[in-house]
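One file, final05.pdb, carrying PDB, C-alpha atoms and all ligand atoms:
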```
ATOM      1  CA  THR A 172     -10.616  -8.265  10.677
ATOM      2  CA  ILE A 173      -8.441  -6.958   7.854
ATOM      3  CA  ALA A 174      -6.324  -9.419   5.857
ATOM      4  CA  VAL A 175      -3.363  -8.122   3.859
ATOM      5  CA  LEU A 176      -1.901 -10.253   1.081
ATOM      6  CA  GLY A 177       1.313  -8.612  -0.032
ATOM      7  CA  SER A 178       5.010  -7.894   0.097
ATOM      8  CA  ILE A 179       7.315  -7.779   3.088
ATOM      9  CA  ASN A 180      10.672  -6.082   2.439
ATOM     10  CA  MET A 181      13.654  -4.780   4.310
ATOM     11  CA  ASP A 182      14.591  -1.335   3.008
ATOM     12  CA  LEU A 183      18.330  -0.684   3.148
ATOM     13  CA  VAL A 184      18.507   3.086   3.098
ATOM     14  CA  ILE A 185      21.927   4.283   2.022
ATOM     15  CA  ARG A 186      22.757   7.988   2.313
ATOM     16  CA  CYS A 187      25.460   9.467   0.104
ATOM     17  CA  ASP A 188      26.654  12.839  -1.224
ATOM     18  CA  HIS A 189      25.866  11.846  -4.763
ATOM     19  CA  LEU A 190      24.526   8.726  -6.458
ATOM     20  CA  PRO A 191      27.215   6.658  -8.201
ATOM     21  CA  LYS A 192      27.274   6.786 -12.004
ATOM     22  CA  PRO A 193      27.769   3.458 -13.833
ATOM     23  CA  GLY A 194      31.319   2.277 -13.082
ATOM     24  CA  GLU A 195      31.816   4.734 -10.240
ATOM     25  CA  THR A 196      32.395   3.884  -6.562
ATOM     26  CA  VAL A 197      31.221   6.311  -3.912
ATOM     27  CA  SER A 198      31.488   6.261  -0.151
ATOM     28  CA  ALA A 199      28.207   6.422   1.781
ATOM     29  CA  GLN A 200      27.572   8.240   5.058
ATOM     30  CA  SER A 201      25.260   5.638   6.560
ATOM     31  CA  MET A 202      23.093   2.588   6.000
ATOM     32  CA  THR A 203      19.865   2.057   7.939
ATOM     33  CA  GLU A 204      17.594  -0.995   7.899
ATOM     34  CA  VAL A 205      13.929  -0.024   7.805
ATOM     35  CA  PRO A 206      11.099  -2.552   7.517
ATOM     36  CA  GLY A 207       9.000  -1.886   4.408
ATOM     37  CA  GLY A 208       7.209  -3.418   1.432
ATOM     38  CA  LYS A 209       3.785  -2.139   0.441
ATOM     39  CA  GLY A 210       1.965  -5.124   1.936
ATOM     40  CA  ALA A 211       3.688  -4.846   5.309
ATOM     41  CA  ASN A 212       3.353  -1.038   5.326
ATOM     42  CA  GLN A 213      -0.392  -1.277   4.737
ATOM     43  CA  ALA A 214      -0.728  -3.959   7.422
ATOM     44  CA  VAL A 215       1.107  -1.727   9.920
ATOM     45  CA  ALA A 216      -1.000   1.271   8.850
ATOM     46  CA  ALA A 217      -4.234  -0.668   9.451
ATOM     47  CA  ALA A 218      -3.012  -2.050  12.796
ATOM     48  CA  ARG A 219      -2.117   1.447  14.031
ATOM     49  CA  CYS A 220      -5.624   2.533  13.032
ATOM     50  CA  GLY A 221      -7.031  -0.037  15.455
ATOM     51  CA  GLY A 222      -7.761  -2.851  13.007
ATOM     52  CA  ALA A 223      -7.279  -6.540  13.853
ATOM     53  CA  VAL A 224      -4.829  -7.372  11.078
ATOM     54  CA  ARG A 225      -3.661 -10.631   9.560
ATOM     55  CA  MET A 226      -0.702 -10.731   7.163
ATOM     56  CA  ILE A 227      -0.412 -13.250   4.332
ATOM     57  CA  GLY A 228       3.028 -13.175   2.738
ATOM     58  CA  CYS A 229       6.464 -14.690   2.605
ATOM     59  CA  VAL A 230       9.861 -13.845   4.071
ATOM     60  CA  GLY A 231      13.199 -15.531   3.446
ATOM     61  CA  ASP A 232      15.082 -17.823   5.808
ATOM     62  CA  ASP A 233      17.750 -15.150   6.362
ATOM     63  CA  GLY A 234      18.353 -12.722   9.208
ATOM     64  CA  PHE A 235      16.197 -10.076   7.550
ATOM     65  CA  GLY A 236      13.268 -12.494   7.529
ATOM     66  CA  GLN A 237      13.439 -12.867  11.308
ATOM     67  CA  LYS A 238      13.629  -9.128  11.824
ATOM     68  CA  LEU A 239      10.734  -8.492   9.438
ATOM     69  CA  LEU A 240       8.546 -11.023  11.216
ATOM     70  CA  ALA A 241       9.445  -9.608  14.639
ATOM     71  CA  ASN A 242       8.569  -6.117  13.410
ATOM     72  CA  LEU A 243       5.092  -7.173  12.279
ATOM     73  CA  ILE A 244       4.427  -9.085  15.499
ATOM     74  CA  ALA A 245       5.486  -6.005  17.515
ATOM     75  CA  GLU A 246       2.718  -4.119  15.671
ATOM     76  CA  SER A 247       0.210  -6.760  16.914
ATOM     77  CA  ILE A 248      -0.218  -8.237  13.431
ATOM     78  CA  ASP A 249      -1.188 -11.917  13.196
ATOM     79  CA  CYS A 250       1.598 -13.599  11.200
ATOM     80  CA  ASP A 251       0.377 -17.223  11.252
ATOM     81  CA  ALA A 252      -0.026 -17.001   7.456
ATOM     82  CA  VAL A 253       3.449 -15.583   6.804
ATOM     83  CA  LEU A 254       5.559 -18.264   5.157
ATOM     84  CA  LYS A 255       9.312 -18.666   5.435
ATOM     85  CA  ALA A 256      10.798 -19.661   2.050
ATOM     86  CA  GLU A 257      13.712 -22.083   2.245
ATOM     87  CA  SER A 258      17.080 -21.141   0.734
ATOM     88  CA  CYS A 259      15.682 -17.796  -0.263
ATOM     89  CA  GLU A 260      16.509 -14.207   0.622
ATOM     90  CA  SER A 261      13.873 -11.859   1.993
ATOM     91  CA  GLY A 262      12.538  -9.101  -0.214
ATOM     92  CA  LEU A 263      14.958  -6.171  -0.188
ATOM     93  CA  ALA A 264      14.890  -2.615  -1.416
ATOM     94  CA  ILE A 265      18.239  -0.899  -1.828
ATOM     95  CA  VAL A 266      17.267   2.741  -1.422
ATOM     96  CA  ASN A 267      20.122   5.047  -2.375
ATOM     97  CA  VAL A 268      19.410   8.609  -1.298
ATOM     98  CA  GLU A 269      21.502  11.594  -2.287
ATOM     99  CA  ASN A 270      21.728  14.550   0.088
ATOM    100  CA  SER A 271      19.765  16.559  -2.481
ATOM    101  CA  GLY A 272      16.859  14.139  -1.929
ATOM    102  CA  GLU A 273      17.242  12.494  -5.349
ATOM    103  CA  ASN A 274      17.098   8.702  -5.087
ATOM    104  CA  ALA A 275      17.775   5.509  -7.038
ATOM    105  CA  ILE A 276      16.076   2.333  -5.845
ATOM    106  CA  ILE A 277      16.606  -1.346  -6.637
ATOM    107  CA  VAL A 278      13.952  -3.801  -5.426
ATOM    108  CA  ILE A 279      14.806  -7.479  -5.057
ATOM    109  CA  PRO A 280      11.505  -9.386  -4.752
ATOM    110  CA  GLY A 281      13.209 -12.406  -3.108
ATOM    111  CA  ALA A 282      10.717 -14.377  -1.022
ATOM    112  CA  ASN A 283       7.817 -12.168  -2.170
ATOM    113  CA  ALA A 284       8.065 -13.879  -5.564
ATOM    114  CA  ARG A 285       7.687 -17.307  -3.911
ATOM    115  CA  ILE A 286       4.121 -16.974  -2.663
ATOM    116  CA  THR A 287       1.851 -18.954  -4.984
ATOM    117  CA  PRO A 288      -1.898 -19.302  -5.656
ATOM    118  CA  ALA A 289      -1.651 -22.700  -3.892
ATOM    119  CA  ASP A 290      -0.322 -20.938  -0.772
ATOM    120  CA  VAL A 291      -3.297 -18.584  -0.867
ATOM    121  CA  ARG A 292      -5.669 -21.551  -1.080
ATOM    122  CA  ARG A 293      -3.859 -23.127   1.863
ATOM    123  CA  PHE A 294      -4.497 -19.975   3.879
ATOM    124  CA  GLU A 295      -8.091 -19.629   2.693
ATOM    125  CA  ASN A 296      -9.281 -19.612   6.296
ATOM    126  CA  ALA A 297      -7.218 -16.506   6.975
ATOM    127  CA  ILE A 298      -9.264 -14.687   4.329
ATOM    128  CA  ASN A 299     -12.654 -16.373   4.805
ATOM    129  CA  ASP A 300     -13.676 -14.632   8.016
ATOM    130  CA  CYS A 301     -12.279 -11.212   7.106
ATOM    131  CA  ASP A 302     -14.250  -8.028   6.447
ATOM    132  CA  VAL A 303     -11.672  -6.664   4.020
ATOM    133  CA  LEU A 304      -8.780  -8.113   1.998
ATOM    134  CA  MET A 305      -6.089  -5.658   0.893
ATOM    135  CA  VAL A 306      -3.831  -6.494  -2.055
ATOM    136  CA  GLN A 307      -1.110  -4.661  -4.015
ATOM    137  CA  LEU A 308       1.161  -5.612  -6.923
ATOM    138  CA  GLU A 309       4.492  -6.437  -5.239
ATOM    139  CA  THR A 310       3.578 -10.139  -5.165
ATOM    140  CA  PRO A 311       2.945 -12.202  -8.357
ATOM    141  CA  GLN A 312      -0.294 -11.327 -10.162
ATOM    142  CA  PRO A 313      -1.630 -14.945 -10.214
ATOM    143  CA  THR A 314      -1.250 -14.984  -6.406
ATOM    144  CA  VAL A 315      -3.060 -11.654  -6.067
ATOM    145  CA  LEU A 316      -5.819 -12.988  -8.320
ATOM    146  CA  ALA A 317      -6.200 -16.116  -6.140
ATOM    147  CA  GLY A 318      -6.612 -13.830  -3.112
ATOM    148  CA  ILE A 319      -9.253 -11.724  -4.855
ATOM    149  CA  GLN A 320     -11.217 -14.813  -5.889
ATOM    150  CA  THR A 321     -11.063 -16.317  -2.389
ATOM    151  CA  ALA A 322     -12.336 -13.062  -0.854
ATOM    152  CA  LYS A 323     -15.150 -12.858  -3.410
ATOM    153  CA  ARG A 324     -16.369 -16.324  -2.426
ATOM    154  CA  SER A 325     -16.331 -15.483   1.272
ATOM    155  CA  GLY A 326     -17.989 -12.076   0.884
ATOM    156  CA  ALA A 327     -14.983 -10.027   2.079
ATOM    157  CA  LYS A 328     -14.548  -6.648   0.417
ATOM    158  CA  VAL A 329     -11.395  -6.387  -1.678
ATOM    159  CA  ILE A 330      -9.259  -3.233  -1.936
ATOM    160  CA  LEU A 331      -6.614  -3.274  -4.680
ATOM    161  CA  ASP A 332      -3.810  -0.721  -4.521
ATOM    162  CA  PRO A 333      -2.347  -1.226  -8.029
ATOM    163  CA  ALA A 334       1.190  -0.281  -7.009
ATOM    164  CA  PRO A 335       3.801  -0.320  -8.402
ATOM    165  CA  ALA A 336       2.224   0.872 -11.656
ATOM    166  CA  ALA A 337       1.573  -2.041 -14.019
ATOM    167  CA  THR A 338      -0.782  -3.302 -16.668
ATOM    168  CA  LEU A 339      -3.351  -5.642 -15.205
ATOM    169  CA  GLY A 340      -5.109  -8.811 -16.276
ATOM    170  CA  ASP A 341      -8.887  -8.259 -16.227
ATOM    171  CA  GLY A 342      -9.641 -10.557 -13.275
ATOM    172  CA  LEU A 343      -7.473  -8.326 -11.115
ATOM    173  CA  LEU A 344      -9.893  -5.456 -11.575
ATOM    174  CA  ASP A 345     -12.876  -7.441 -10.313
ATOM    175  CA  VAL A 346     -12.616  -5.813  -6.874
ATOM    176  CA  ASP A 347     -14.815  -3.686  -4.626
ATOM    177  CA  LEU A 348     -12.425  -0.748  -4.619
ATOM    178  CA  ILE A 349      -9.277   0.207  -6.497
ATOM    179  CA  CYS A 350      -7.141   2.989  -4.989
ATOM    180  CA  PRO A 351      -4.387   4.048  -7.414
ATOM    181  CA  ASN A 352      -2.475   7.314  -7.302
ATOM    182  CA  GLU A 353      -2.404   9.430 -10.468
ATOM    183  CA  SER A 354       0.422   7.579 -12.238
ATOM    184  CA  GLU A 355      -0.887   4.127 -11.317
ATOM    185  CA  ALA A 356      -4.357   5.059 -12.619
ATOM    186  CA  THR A 357      -3.011   6.262 -15.957
ATOM    187  CA  ALA A 358      -0.722   3.201 -16.236
ATOM    188  CA  ILE A 359      -3.901   1.114 -16.399
ATOM    189  CA  VAL A 360      -6.138   3.169 -18.693
ATOM    190  CA  GLY A 361      -3.720   5.609 -20.341
ATOM    191  CA  GLY A 362      -4.167   9.365 -20.537
ATOM    192  CA  ARG A 363      -3.002  12.021 -18.090
ATOM    193  CA  ILE A 364      -4.326  13.598 -14.930
ATOM    194  CA  GLU A 365      -3.750  17.317 -14.573
ATOM    195  CA  THR A 366      -7.125  18.798 -13.743
ATOM    196  CA  ILE A 367      -9.895  17.516 -11.501
ATOM    197  CA  ASP A 368     -11.973  16.923 -14.638
ATOM    198  CA  ASP A 369      -9.185  14.632 -15.921
ATOM    199  CA  ALA A 370      -9.393  12.692 -12.648
ATOM    200  CA  VAL A 371     -13.170  12.257 -13.082
ATOM    201  CA  ALA A 372     -12.683  10.987 -16.645
ATOM    202  CA  ILE A 373      -9.926   8.539 -15.677
ATOM    203  CA  ALA A 374     -11.947   7.305 -12.680
ATOM    204  CA  LYS A 375     -14.887   6.554 -14.989
ATOM    205  CA  GLN A 376     -12.651   4.698 -17.443
ATOM    206  CA  LEU A 377     -11.180   2.629 -14.618
ATOM    207  CA  HIS A 378     -14.645   1.855 -13.294
ATOM    208  CA  ALA A 379     -15.638   0.540 -16.715
ATOM    209  CA  ARG A 380     -12.834  -2.048 -16.402
ATOM    210  CA  GLY A 381     -14.481  -3.793 -13.428
ATOM    211  CA  PRO A 382     -14.056  -2.334  -9.938
ATOM    212  CA  ALA A 383     -17.275  -1.439  -8.074
ATOM    213  CA  ALA A 384     -15.682   1.814  -6.889
ATOM    214  CA  VAL A 385     -12.610   3.876  -7.752
ATOM    215  CA  ALA A 386     -10.646   6.168  -5.432
ATOM    216  CA  ILE A 387      -7.785   7.990  -7.173
ATOM    217  CA  THR A 388      -5.456   9.611  -4.640
ATOM    218  CA  LEU A 389      -4.330  13.056  -5.775
ATOM    219  CA  GLY A 390      -1.697  13.948  -3.158
ATOM    220  CA  PRO A 391      -2.443  17.327  -1.513
ATOM    221  CA  ARG A 392      -5.632  17.669  -3.559
ATOM    222  CA  GLY A 393      -7.270  14.722  -1.787
ATOM    223  CA  THR A 394      -9.073  11.801  -3.406
ATOM    224  CA  MET A 395     -11.448  11.449  -6.354
ATOM    225  CA  LEU A 396     -14.167   8.909  -5.508
ATOM    226  CA  TYR A 397     -16.344   7.438  -8.243
ATOM    227  CA  ASP A 398     -18.840   4.765  -7.202
ATOM    228  CA  GLY A 399     -20.478   4.196 -10.554
ATOM    229  CA  ALA A 400     -23.160   6.804  -9.879
ATOM    230  CA  ARG A 401     -21.398   9.918  -8.657
ATOM    231  CA  ALA A 402     -17.916  11.431  -8.868
ATOM    232  CA  GLU A 403     -16.814  13.475  -5.859
ATOM    233  CA  LEU A 404     -13.523  15.095  -4.871
ATOM    234  CA  ILE A 405     -13.002  14.459  -1.168
ATOM    235  CA  GLU A 406     -10.488  17.037   0.028
ATOM    236  CA  SER A 407      -7.538  16.299   2.290
ATOM    237  CA  ILE A 408      -6.335  18.487   5.154
ATOM    238  CA  GLU A 409      -3.511  20.984   4.855
ATOM    239  CA  VAL A 410      -0.142  19.876   6.183
ATOM    240  CA  ASP A 411       3.507  20.807   5.708
ATOM    241  CA  ALA A 412       4.580  17.882   3.548
ATOM    242  CA  VAL A 413       8.170  16.812   4.273
ATOM    243  CA  ASP A 414       8.193  13.267   2.822
ATOM    244  CA  THR A 415       5.275  11.672   0.996
ATOM    245  CA  THR A 416       6.771   8.149   1.211
ATOM    246  CA  ALA A 417       4.050   5.773   2.442
ATOM    247  CA  ALA A 418       1.276   8.405   2.285
ATOM    248  CA  GLY A 419      -0.550   6.009  -0.042
ATOM    249  CA  ASP A 420       0.027   3.088   2.356
ATOM    250  CA  ALA A 421      -1.255   5.121   5.333
ATOM    251  CA  PHE A 422      -4.281   6.054   3.224
ATOM    252  CA  ALA A 423      -5.031   2.449   2.203
ATOM    253  CA  GLY A 424      -4.659   1.016   5.722
ATOM    254  CA  ALA A 425      -6.885   3.663   7.296
ATOM    255  CA  LEU A 426      -9.442   3.278   4.515
ATOM    256  CA  ALA A 427      -9.748  -0.480   5.075
ATOM    257  CA  VAL A 428     -10.241  -0.130   8.824
ATOM    258  CA  ARG A 429     -12.790   2.671   8.613
ATOM    259  CA  TRP A 430     -14.700   1.088   5.738
ATOM    260  CA  ALA A 431     -15.013  -2.176   7.707
ATOM    261  CA  GLU A 432     -16.237  -0.199  10.734
ATOM    262  CA  THR A 433     -18.736   2.193   9.183
ATOM    263  CA  GLY A 434     -19.635   0.684   5.805
ATOM    264  CA  SER A 435     -19.464   4.191   4.324
ATOM    265  CA  LEU A 436     -16.856   4.591   1.620
ATOM    266  CA  ARG A 437     -17.154   8.380   1.603
ATOM    267  CA  ASP A 438     -16.601   8.619   5.346
ATOM    268  CA  ALA A 439     -13.706   6.121   5.138
ATOM    269  CA  ILE A 440     -11.974   8.159   2.433
ATOM    270  CA  ALA A 441     -12.286  11.432   4.346
ATOM    271  CA  TRP A 442     -10.657   9.722   7.350
ATOM    272  CA  ALA A 443      -8.001   8.027   5.218
ATOM    273  CA  ASN A 444      -7.087  11.361   3.589
ATOM    274  CA  ARG A 445      -6.121  12.619   7.029
ATOM    275  CA  ALA A 446      -3.982   9.505   7.607
ATOM    276  CA  GLY A 447      -2.215  10.097   4.262
ATOM    277  CA  ALA A 448      -1.651  13.759   5.095
ATOM    278  CA  LEU A 449      -0.202  12.914   8.518
ATOM    279  CA  ALA A 450       2.190  10.397   6.914
ATOM    280  CA  ALA A 451       3.286  13.053   4.397
ATOM    281  CA  SER A 452       4.072  15.427   7.255
ATOM    282  CA  LYS A 453       6.617  13.011   8.805
ATOM    283  CA  ARG A 454       9.823  11.472   7.450
ATOM    284  CA  GLY A 455      10.165   7.783   6.616
ATOM    285  CA  ALA A 456       7.820   4.984   5.625
ATOM    286  CA  GLN A 457       6.626   2.886   8.576
ATOM    287  CA  PRO A 458       7.809   5.430  11.186
ATOM    288  CA  SER A 459       5.487   8.036   9.609
ATOM    289  CA  LEU A 460       2.312   5.886   9.690
ATOM    290  CA  PRO A 461      -0.105   7.557  12.129
ATOM    291  CA  GLN A 462      -1.948   6.064  15.117
ATOM    292  CA  ARG A 463      -5.729   6.158  15.305
ATOM    293  CA  THR A 464      -5.698   8.792  18.065
ATOM    294  CA  GLN A 465      -3.646  11.128  15.852
ATOM    295  CA  ILE A 466      -6.100  10.732  12.952
ATOM    296  CA  ASP A 467      -9.101  11.330  15.220
ATOM    297  CA  ALA A 468      -7.401  14.410  16.683
ATOM    298  CA  VAL A 469      -7.292  16.163  13.302
ATOM    299  CA  CYS A 470     -10.895  15.169  12.589
ATOM    300  CA  ASP A 471     -12.145  17.263  15.528
TER     301      ASP A 471
HETATM  302  P1  LIG A 501       0.996   7.862  -3.085
HETATM  303  O1  LIG A 501       1.873   7.993  -1.869
HETATM  304  O2  LIG A 501       0.535   6.452  -3.305
HETATM  305  O3  LIG A 501       1.531   8.520  -4.322
HETATM  306  P2  LIG A 501      -0.692  10.189  -2.619
HETATM  307  O4  LIG A 501       0.524  11.030  -2.650
HETATM  308  O5  LIG A 501      -1.789  10.493  -3.580
HETATM  309  O6  LIG A 501      -0.376   8.625  -2.721
HETATM  310  O7  LIG A 501      -1.271  10.292  -1.125
HETATM  311  C1  LIG A 501      -2.335   9.518  -0.632
HETATM  312  C2  LIG A 501      -3.314  10.396   0.117
HETATM  313  O8  LIG A 501      -2.640  11.035   1.209
HETATM  314  C3  LIG A 501      -3.887  11.530  -0.719
HETATM  315  O9  LIG A 501      -5.087  11.137  -1.356
HETATM  316  C4  LIG A 501      -4.156  12.606   0.322
HETATM  317  O10 LIG A 501      -5.396  12.414   0.938
HETATM  318  C5  LIG A 501      -3.054  12.381   1.350
HETATM  319  N1  LIG A 501      -1.912  13.284   1.080
HETATM  320  C6  LIG A 501      -0.746  12.967   0.468
HETATM  321  N2  LIG A 501       0.077  14.043   0.391
HETATM  322  C7  LIG A 501      -0.591  15.069   0.974
HETATM  323  C8  LIG A 501      -0.303  16.451   1.229
HETATM  324  N3  LIG A 501       0.872  16.993   0.854
HETATM  325  N4  LIG A 501      -1.242  17.198   1.845
HETATM  326  C9  LIG A 501      -2.415  16.666   2.224
HETATM  327  N5  LIG A 501      -2.756  15.385   2.028
HETATM  328  C10 LIG A 501      -1.865  14.569   1.418
END
```

As a first step, turn the structure in this file into structure tokens.
Ligand code: ADP
Amino acid sequence: TIAVLGSINMDLVIRCDHLPKPGETVSAQSMTEVPGGKGANQAVAAARCGGAVRMIGCVGDDGFGQKLLANLIAESIDCDAVLKAESCESGLAIVNVENSGENAIIVIPGANARITPADVRRFENAINDCDVLMVQLETPQPTVLAGIQTAKRSGAKVILDPAPAATLGDGLLDVDLICPNESEATAIVGGRIETIDDAVAIAKQLHARGPAAVAITLGPRGTMLYDGARAELIESIEVDAVDTTAAGDAFAGALAVRWAETGSLRDAIAWANRAGALAASKRGAQPSLPQRTQIDAVCD
């Protein structure tokens, strides 16, 4: 079983000719509601990869909250540990997209900010019998830390996707695997990643901060894995990338499922690279997350 402790958002995707400047009013062409949030995206990614998935999170007591819950349940995700915050709006992302592709996004944490370390302790049983706990940084850091500590006690492996980019308290890095992209990795340890050698150096610096293993995702170049002994670039497959939104979430979900199944991090990353590539080859966030059969098909 895979437990995901993280955010659940409704993305309101607004399409317009051009983004409004401060003080300006523009007319939009359309508004679409799309379930999102990194936590929920990763839960859906893992479920589509065949994992038994349990979500730990919080929605608001508004209409969006009901829709978000229904969406997760339709993906066969266990939502017994999803709280409904009273007098609170669900997490929202206002995603303004210009026809040129340029965007401007406002995230309202809403109910995601309400989940506390005490809630995590209350749902300890949801984590205790899991193989893997996945966490990200769209819920409060003390809550994420409580999840990491609970998983440590129960022996579950912890995967931290440190997104969105942030500086981290040290306890947060005491995980089995951290899987940042390039900008998230350098937000933690500084520096820049241009070459593969840069990625090796940054992976080693991150490893020195606590995680047992580091997997830096490098978009089309694949993933740099450093396990404390050896650094290896695990290449992705070639695809026509049309929209890389949620490539990282597809990667993380697939990684958790395959790692729990095989116990081999290297094998799990090679498989997860394909999931990330497939997501990059399709538009949208959750709609682009691949099914297990699609990932296996490109492995052959
Ligand atoms: P994020 O979406 O978090 O920025 P990345 O863009 O690094 O993450 O993508 C995650 C993984 O998905 C990469 O490590 C890679 O394996 C795969 N991937 C992403 N974009 C492409 C692409 N254009 N071609 C092939 N693989 C890709």

Using only C-alpha atoms and all ligand atoms, determine which residues fall within 10 Å of ligand LIG 501 (chain A), then list them as a PDB file with C-alpha atoms, in the coordinates of the input.
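Contents of part30.pdb, as written:
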```pdb
ATOM      1  CA  LYS A 209       3.785  -2.139   0.441  1.00  0.00           C
ATOM      2  CA  ASP A 332      -3.810  -0.721  -4.521  1.00  0.00           C
ATOM      3  CA  PRO A 333      -2.347  -1.226  -8.029  1.00  0.00           C
ATOM      4  CA  ALA A 334       1.190  -0.281  -7.009  1.00  0.00           C
ATOM      5  CA  PRO A 335       3.801  -0.320  -8.402  1.00  0.00           C
ATOM      6  CA  CYS A 350      -7.141   2.989  -4.989  1.00  0.00           C
ATOM      7  CA  PRO A 351      -4.387   4.048  -7.414  1.00  0.00           C
ATOM      8  CA  ASN A 352      -2.475   7.314  -7.302  1.00  0.00           C
ATOM      9  CA  GLU A 353      -2.404   9.430 -10.468  1.00  0.00           C
ATOM     10  CA  SER A 354       0.422   7.579 -12.238  1.00  0.00           C
ATOM     11  CA  GLU A 355      -0.887   4.127 -11.317  1.00  0.00           C
ATOM     12  CA  ALA A 386     -10.646   6.168  -5.432  1.00  0.00           C
ATOM     13  CA  ILE A 387      -7.785   7.990  -7.173  1.00  0.00           C
ATOM     14  CA  THR A 388      -5.456   9.611  -4.640  1.00  0.00           C
ATOM     15  CA  LEU A 389      -4.330  13.056  -5.775  1.00  0.00           C
ATOM     16  CA  GLY A 390      -1.697  13.948  -3.158  1.00  0.00           C
ATOM     17  CA  PRO A 391      -2.443  17.327  -1.513  1.00  0.00           C
ATOM     18  CA  ARG A 392      -5.632  17.669  -3.559  1.00  0.00           C
ATOM     19  CA  GLY A 393      -7.270  14.722  -1.787  1.00  0.00           C
ATOM     20  CA  THR A 394      -9.073  11.801  -3.406  1.00  0.00           C
ATOM     21  CA  MET A 395     -11.448  11.449  -6.354  1.00  0.00           C
ATOM     22  CA  LEU A 404     -13.523  15.095  -4.871  1.00  0.00           C
ATOM     23  CA  ILE A 405     -13.002  14.459  -1.168  1.00  0.00           C
ATOM     24  CA  GLU A 406     -10.488  17.037   0.028  1.00  0.00           C
ATOM     25  CA  SER A 407      -7.538  16.299   2.290  1.00  0.00           C
ATOM     26  CA  ILE A 408      -6.335  18.487   5.154  1.00  0.00           C
ATOM     27  CA  GLU A 409      -3.511  20.984   4.855  1.00  0.00           C
ATOM     28  CA  VAL A 410      -0.142  19.876   6.183  1.00  0.00           C
ATOM     29  CA  ASP A 411       3.507  20.807   5.708  1.00  0.00           C
ATOM     30  CA  ALA A 412       4.580  17.882   3.548  1.00  0.00           C
ATOM     31  CA  VAL A 413       8.170  16.812   4.273  1.00  0.00           C
ATOM     32  CA  ASP A 414       8.193  13.267   2.822  1.00  0.00           C
ATOM     33  CA  THR A 415       5.275  11.672   0.996  1.00  0.00           C
ATOM     34  CA  THR A 416       6.771   8.149   1.211  1.00  0.00           C
ATOM     35  CA  ALA A 417       4.050   5.773   2.442  1.00  0.00           C
ATOM     36  CA  ALA A 418       1.276   8.405   2.285  1.00  0.00           C
ATOM     37  CA  GLY A 419      -0.550   6.009  -0.042  1.00  0.00           C
ATOM     38  CA  ASP A 420       0.027   3.088   2.356  1.00  0.00           C
ATOM     39  CA  ALA A 421      -1.255   5.121   5.333  1.00  0.00           C
ATOM     40  CA  PHE A 422      -4.281   6.054   3.224  1.00  0.00           C
ATOM     41  CA  ALA A 423      -5.031   2.449   2.203  1.00  0.00           C
ATOM     42  CA  ILE A 440     -11.974   8.159   2.433  1.00  0.00           C
ATOM     43  CA  ALA A 441     -12.286  11.432   4.346  1.00  0.00           C
ATOM     44  CA  TRP A 442     -10.657   9.722   7.350  1.00  0.00           C
ATOM     45  CA  ALA A 443      -8.001   8.027   5.218  1.00  0.00           C
ATOM     46  CA  ASN A 444      -7.087  11.361   3.589  1.00  0.00           C
ATOM     47  CA  ARG A 445      -6.121  12.619   7.029  1.00  0.00           C
ATOM     48  CA  ALA A 446      -3.982   9.505   7.607  1.00  0.00           C
ATOM     49  CA  GLY A 447      -2.215  10.097   4.262  1.00  0.00           C
ATOM     50  CA  ALA A 448      -1.651  13.759   5.095  1.00  0.00           C
ATOM     51  CA  LEU A 449      -0.202  12.914   8.518  1.00  0.00           C
ATOM     52  CA  ALA A 450       2.190  10.397   6.914  1.00  0.00           C
ATOM     53  CA  ALA A 451       3.286  13.053   4.397  1.00  0.00           C
ATOM     54  CA  SER A 452       4.072  15.427   7.255  1.00  0.00           C
TER      55      SER A 452
END
```

Worksheet item: Please, what distance in Å, to one decimal, runs between CA of Ile227 in chain A and CA of Val175 in chain A?
Response: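 The value is 5.9 Å.
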
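Of note, CA of Ala297 in chain A and CA of Leu316 in chain A are spaced 15.8 Å apart.
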
Quick check on the file I pasted: which residues fall under the PyMOL selection byres (((chain A and resi 189) around 9) and not hetatm)? Write them as a PDB file with C-alpha atoms, in the coordinates of the input.
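Once written, expr.pdb looks like this:
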```pdb
ATOM      1  CA  ARG A 186      22.757   7.988   2.313  1.00  0.00           C
ATOM      2  CA  CYS A 187      25.460   9.467   0.104  1.00  0.00           C
ATOM      3  CA  ASP A 188      26.654  12.839  -1.224  1.00  0.00           C
ATOM      4  CA  LEU A 190      24.526   8.726  -6.458  1.00  0.00           C
ATOM      5  CA  PRO A 191      27.215   6.658  -8.201  1.00  0.00           C
ATOM      6  CA  LYS A 192      27.274   6.786 -12.004  1.00  0.00           C
ATOM      7  CA  VAL A 197      31.221   6.311  -3.912  1.00  0.00           C
ATOM      8  CA  ALA A 199      28.207   6.422   1.781  1.00  0.00           C
ATOM      9  CA  VAL A 268      19.410   8.609  -1.298  1.00  0.00           C
ATOM     10  CA  GLU A 269      21.502  11.594  -2.287  1.00  0.00           C
ATOM     11  CA  ASN A 270      21.728  14.550   0.088  1.00  0.00           C
ATOM     12  CA  SER A 271      19.765  16.559  -2.481  1.00  0.00           C
ATOM     13  CA  GLU A 273      17.242  12.494  -5.349  1.00  0.00           C
TER      14      GLU A 273
END
```

Which residues match the PyMOL selection byres (((chain A and resi 344) around 7) and not hetatm) in the file above, as a CSV table (one decimal) with C-alpha atoms, in the coordinates of the input?
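Result went into out.csv, see below:
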```
chain,number,residue,atom,x,y,z
A,341,ASP,CA,-8.9,-8.3,-16.2
A,342,GLY,CA,-9.6,-10.6,-13.3
A,343,LEU,CA,-7.5,-8.3,-11.1
A,345,ASP,CA,-12.9,-7.4,-10.3
A,346,VAL,CA,-12.6,-5.8,-6.9
A,380,ARG,CA,-12.8,-2.0,-16.4
A,381,GLY,CA,-14.5,-3.8,-13.4
A,382,PRO,CA,-14.1,-2.3,-9.9
```
